[in-house]
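Read the structure below first, then the notes.
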Amino acid sequence: MLNQIMDSNDSETPSTPPETPFHDLDHYLAIPRVSGLALSPDGTRLVTTVSTLNSKGTEYVTALWELDPAGKKHARRITRSAKGEAGATFAANGDLYFTSARPDPESPEAEPVSSLWLLPDDGGEARVVYSRAGGIASVMAASKAGATFVTAPVLAGSTSEENDEERRKSRKDNKVSAILHTGYPVRYWDADLGPAQPRLFAVEAADDATASTKPATVDATAPLKLRNLTPDVAGNLRNTEAVVSPDGKTIYTSMAKPLAKADSRFVLAAVDVASGSIKVLLDQEGMSYFPGPVSPDSSMIAVVGESDSTPEQAPRVTLHVLNLAGPEMLDLVPLAPDWDRWGTPAAWLPDGRSLLVTADDDGATPVFRVTVPDGTVTRVTLDTAAYTDVVASPDGLNAFALRSSYEFPSEAARIDLTTGEVERLPAPAERPKIKGKLERVETVAADGARIPAYLALPDSARAQEPAPLLLWIHGGPLGSWNAWTWRWNPWLLVSKGYGVLLPDPALSTGYGQDYIQRGWGQWGKSPFTDLMTITDEVVARPDIDEERTAAMGGSFGGYMANWVAGQTDRFKAIVTHASLWALDQFGPTTDVSQYWLKEMTVEMAMENSPHLHVGNINTPMLVIHGDKDYRVPIGEGLRLWYELLSSSGLPADDSGQTQHRFLYFPDENHWILQPQHAKVWYGVVEHFLGKQVLGQDVALPEDLGL
């Protein structure tokens, strides 16, 4: 009897929690994820979005949380629903708009759709202020005027909201999904474009003709309507950006301009709110323009210009200020033309004399202050973090932003704009504990260029017990390792005893235009040799085991993993995710062929195509691809898999057994976003590396059904 009681008690004892969340994938996936930041016009309220796992652990649900800008009060959750909320935007009067597909309490029978919600500044209950059959995509509000705008999809040719709803219902009832295209592109990342097209709407009080005829209740709110400001722009607002002037009179947006031969570029246009007229402000051959924030007095707008790439020349990203005050002549002034970084304008300071800008810079993304009009650039944040979602306080003394690094995920912080000091604000959750160490390492390429990298190591790594090394190659390729990432998180593998090397080879941003140009159109040259050179440097360390190494990468990093496989046998295993394989096939089938085909000639593509070296591949490879990936279509993964088995130096044997593996996700895209699929992804990667690099039999995830 005593033994039975003891056994029973033992079985009910909670299991020991993992040493860190990175030692257990369930705990890792449960870490709250922070994104987006909105500051009220008076600077007293700060709102962010927090994503957490649902009770089943099958998807992330978002909620809005309010943070104290002064850093005194605890963070508090202000929305709650199974569908989640997003897109927090403050109106000039302090009301908070957001979008959500949660059911309207006053119309519970209605089919849930992403609607426009309002949480009043006085602390009342959130309520739906506008709902439509096609949903609301995003919301904007003027900071100094009572003007609200939304972006929403409309079926081309719809004559009214009612007509749009009828046509949508007809397609749904008749199970029609066909789309007739008249231009390019036809899809983007993981979304099929059409038949709906985005439009900009003003949110206004309904007139007598559109107001409900039902008797009003004592707490009824004034009915609203949407006024279509861009009914005739066709699909040219797809994948574009828009900002509203503080006075609420103008919306500035990029618009796609179709060109011959399936090409396009982006022009900058102004939409007059009163009349709905559209005026193109910037339209220059070989350039695309994108709107930044509008100055506090609505007289200037920050503009980002991006030059078209050519096979010989990498694109250049430049900052400008467009003077809007002149009646006819618009004055486009280059801002900091000698600054060799790709800046993203984030916020004007209240005096309108300077901009806060972020830019990749040597393994970080600091906040900079750029003075208008002389273009003086001053670095504000001095740490090695990456900053996004920057907003300025009304007094201009502080800024608020989300920051992250390889030591912590995104968190809200207050930045003292005088001293550059940064203070973490009270957050919904504490930083996850990390066990390991992060170092900045570098070496020098044959041409004298510096090759920098991060190196994440387990605490156990030392000369007596050197760690196996994983070379991780970033995507882009125009990017760098500088911020926390949930999809490729090095600490998960560090917790298993690996060292993870995160290099920034040629083509990486944050090191100047020349560093990008070094690898332009020559993916298999400088980027490859840089990666091998920094790997040589690191494996020479006594705490790294040069006999146990592997290479991994996704997207461009997957391309490079494929290229590495055909050029060297130095690695025990290679993991290639969403990877480019046959560049002759990839070019015309990616969702942005017009961009890709400017980057390399046919001859350059063939010179750099990994598939031509398949016969040299003697390294076991794990191929990972999602069927809904439109950026790197599934055909790349399917062809790679077939040619590995049929033509590599490590083919399947007569019984069909092979050391290569193919992890296929029928319903994932370029990224693996569903929590349980992320768990499978990491589990299969750990199994594959364990077998090939460590000689260990790590169990496969049970949900694979094997």
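Identifiers for the structure tokens are assigned positionally: chains receive A, B, ... in sequence, residues are indexed from 1 per chain, and ligands are indexed from 1 in the order shown.
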task = Would you kindly return, as a ChimeraX atom specification, each protein, DNA or RNA residue with an atom no farther than 7 Å from any atom of region 687-702 of chain A, considering only C-alpha atoms and excluding same-chain residues fewer than 6 positions away?
result = /A:548-549,572-573,680
query = If you count only C-alpha atoms, which residues fall within 9 Å of region 667-679 of chain A, apart from same-chain ones fewer than 4 positions away, as a PyMOL selection string?
reply = chain A and resi 25-26+29+53+57-60+189-190+487+554-555+577-578+625-633+683-684+701+703
ask   = Hey, what's within 10 Å of region 361-364 of chain A if we count only C-alpha atoms and toss same-chain stuff fewer than 5 positions away? As a list in words, please?
value = Asp340, Arg341, Trp342, Gly343, Leu382, Asp383, Thr384, Ala385, Ala386, Tyr387, Ser404, Ser405, Tyr406, Arg440, Pro452, Ala453, Tyr454, Ser480, Trp481, Asn482, Ala483, Pro503, Asp504, Ser508, Thr509, Gly510, Tyr511 and Gly512 of chain A
Please, could you write that set of residues out with C-alpha atoms as a short mmCIF file (atom, residue, chain, number, x, y, z; two decimals), in the first residue's frame?
```
data_model
loop_
_atom_site.label_atom_id
_atom_site.label_comp_id
_atom_site.auth_asym_id
_atom_site.auth_seq_id
_atom_site.Cartn_x
_atom_site.Cartn_y
_atom_site.Cartn_z
CA ASP A 340 27.68 55.15 -46.65
CA ARG A 341 24.75 53.35 -45.02
CA TRP A 342 21.25 52.40 -46.13
CA GLY A 343 19.10 54.53 -43.84
CA LEU A 382 25.84 53.25 -28.80
CA ASP A 383 25.08 49.62 -27.94
CA THR A 384 25.18 46.66 -30.33
CA ALA A 385 21.39 46.26 -30.51
CA ALA A 386 19.06 46.52 -33.49
CA TYR A 387 16.30 49.14 -33.23
CA SER A 404 16.85 43.30 -29.85
CA SER A 405 20.21 41.63 -30.20
CA TYR A 406 21.52 38.09 -30.12
CA ARG A 440 32.41 39.26 -32.09
CA PRO A 452 33.07 40.16 -39.38
CA ALA A 453 30.89 37.61 -37.61
CA TYR A 454 29.16 36.68 -34.38
CA SER A 480 23.25 41.02 -42.05
CA TRP A 481 23.20 39.09 -38.80
CA ASN A 482 22.34 41.87 -36.35
CA ALA A 483 19.07 41.15 -34.55
CA PRO A 503 29.24 35.72 -40.61
CA ASP A 504 28.53 38.79 -42.75
CA SER A 508 26.03 42.10 -46.43
CA THR A 509 24.61 45.46 -45.38
CA GLY A 510 26.06 47.67 -42.66
CA TYR A 511 29.61 47.81 -44.00
CA GLY A 512 29.28 50.28 -46.85
#
```
request  = Name the residues in contact with Ser593 (chain A) at a cut-off of 10 Å, using only C-alpha atoms, excluding same-chain residues fewer than 6 positions from it; report them as a PyMOL selection string.
outcome  = chain A and resi 184-185+262-263+586-587+599+631
query = Which is closer to Val321 (chain A) than all the others in A:Ser275, A:Val303, A:Ser309, A:Trp681, using only C-alpha atoms?
reply =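 Residue with the minimum atom-to-atom distance to Val321 (chain A): A:Val303.
Of the listed residues (A:Val280, A:Leu455, A:Ala540, A:Ala191), A:Leu455 comes nearest to Lys437 (chain A); the distances count only C-alpha atoms.
When only C-alpha atoms are used to measure the gap to Val244 (chain A), the shortest distance among A:Leu322, A:Ala145, A:Leu155, A:Ala205 belongs to A:Ala145.
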request  = Apply DSSP to the structure's backbone, then extract all residues of region 146-320 of chain A labelled helix (DSSP H, G or I) and return them as a PyMOL selection string.
outcome  = chain A and resi 161-173
Contacts of Ser307 (chain A) at 9 Å (only C-alpha atoms; same-chain gap of 2+ positions) as a list in words =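 These residues fall inside the cut-off: Gly286, Met287, Ser288, Tyr289, Gly305, Ser309, Ala314, Pro315, Arg316, Val317 and Thr318 of chain A.
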File dump, residues just selected, C-alpha atoms, as a short mmCIF file (atom, residue, chain, number, x, y, z; two decimals), in the first residue's frame:
```
data_model
loop_
_atom_site.label_atom_id
_atom_site.label_comp_id
_atom_site.auth_asym_id
_atom_site.auth_seq_id
_atom_site.Cartn_x
_atom_site.Cartn_y
_atom_site.Cartn_z
CA GLY A 286 15.93 53.85 -62.96
CA MET A 287 14.71 54.90 -59.49
CA SER A 288 12.01 53.80 -57.06
CA TYR A 289 10.74 56.08 -54.31
CA GLY A 305 15.22 56.33 -53.07
CA SER A 309 20.28 47.27 -59.98
CA ALA A 314 24.34 46.89 -56.91
CA PRO A 315 21.39 49.10 -55.93
CA ARG A 316 21.97 52.24 -53.88
CA VAL A 317 19.58 53.29 -51.15
CA THR A 318 19.58 57.02 -50.43
#
```
Need the shell around Asn562 (chain A): protein/DNA/RNA residues with any atom at most 6 Å away, counting only C-alpha atoms. Skip same-chain ones fewer than 3 positions apart. Format as an mmCIF file with N, CA and C atoms, in the first residue's frame?
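Just written: out.cif:
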```
data_model
loop_
_atom_site.group_PDB
_atom_site.id
_atom_site.type_symbol
_atom_site.label_atom_id
_atom_site.label_comp_id
_atom_site.auth_asym_id
_atom_site.auth_seq_id
_atom_site.Cartn_x
_atom_site.Cartn_y
_atom_site.Cartn_z
ATOM 1 N N TYR A 559 20.909 29.011 -50.987
ATOM 2 C CA TYR A 559 21.691 28.991 -52.229
ATOM 3 C C TYR A 559 23.159 28.731 -51.913
ATOM 4 N N ALA A 565 28.187 23.019 -51.002
ATOM 5 C CA ALA A 565 28.170 21.561 -51.155
ATOM 6 C C ALA A 565 28.865 21.117 -52.425
ATOM 7 N N PRO A 610 24.353 26.556 -58.617
ATOM 8 C CA PRO A 610 24.844 25.361 -57.911
ATOM 9 C C PRO A 610 24.522 24.052 -58.627
#
```
key: All residues 12 Å or closer to Gly183 (chain A), only C-alpha atoms, same chain fewer than 5 positions away omitted, as a list in words   = Leu193, Gly194, Ala234, Gly235, Asn236, Ala256, Lys257, Pro258, Leu259, Ala260, Lys261, Ala262, Asp263 and Ser264 of chain A
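Taking CA of Lys225 (chain A) as the reference point, CA of Ala147 (chain A) is found at 12.9 Å.
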inquiry  = I'd like the interatomic distance between CA of Pro41 (chain A) and CA of Val243 (chain A), to a tenth of an Å.
reply    =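 We find that CA of Pro41 (chain A) and CA of Val243 (chain A) lie 15.9 Å from each other.
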request  = Report the distance between CA of Ser655 (chain A) and CA of Ile624 (chain A) in Å, rounded to one decimal place.
outcome  = 23.1 Å
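The residue that comes closest to Asp308 (chain A), out of A:Lys249, A:Glu607, A:Lys598, A:Ala551 and on the basis of only C-alpha atoms, is A:Lys598.
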query = Hey, which of A:Ile301, A:Pro466, A:Glu285, A:Asp104 ends up closest to Thr253 (chain A)? Count only C-alpha atoms.
reply =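 Among the listed residues, A:Ile301 lies closest to Thr253 (chain A).
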query = Nearest to Glu241 (chain A) among A:Pro198, A:Pro337, A:Pro223, A:Pro18, with distances taken over only C-alpha atoms: which residue is it?
reply =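 The answer is A:Pro198, which sits nearest to Glu241 (chain A).
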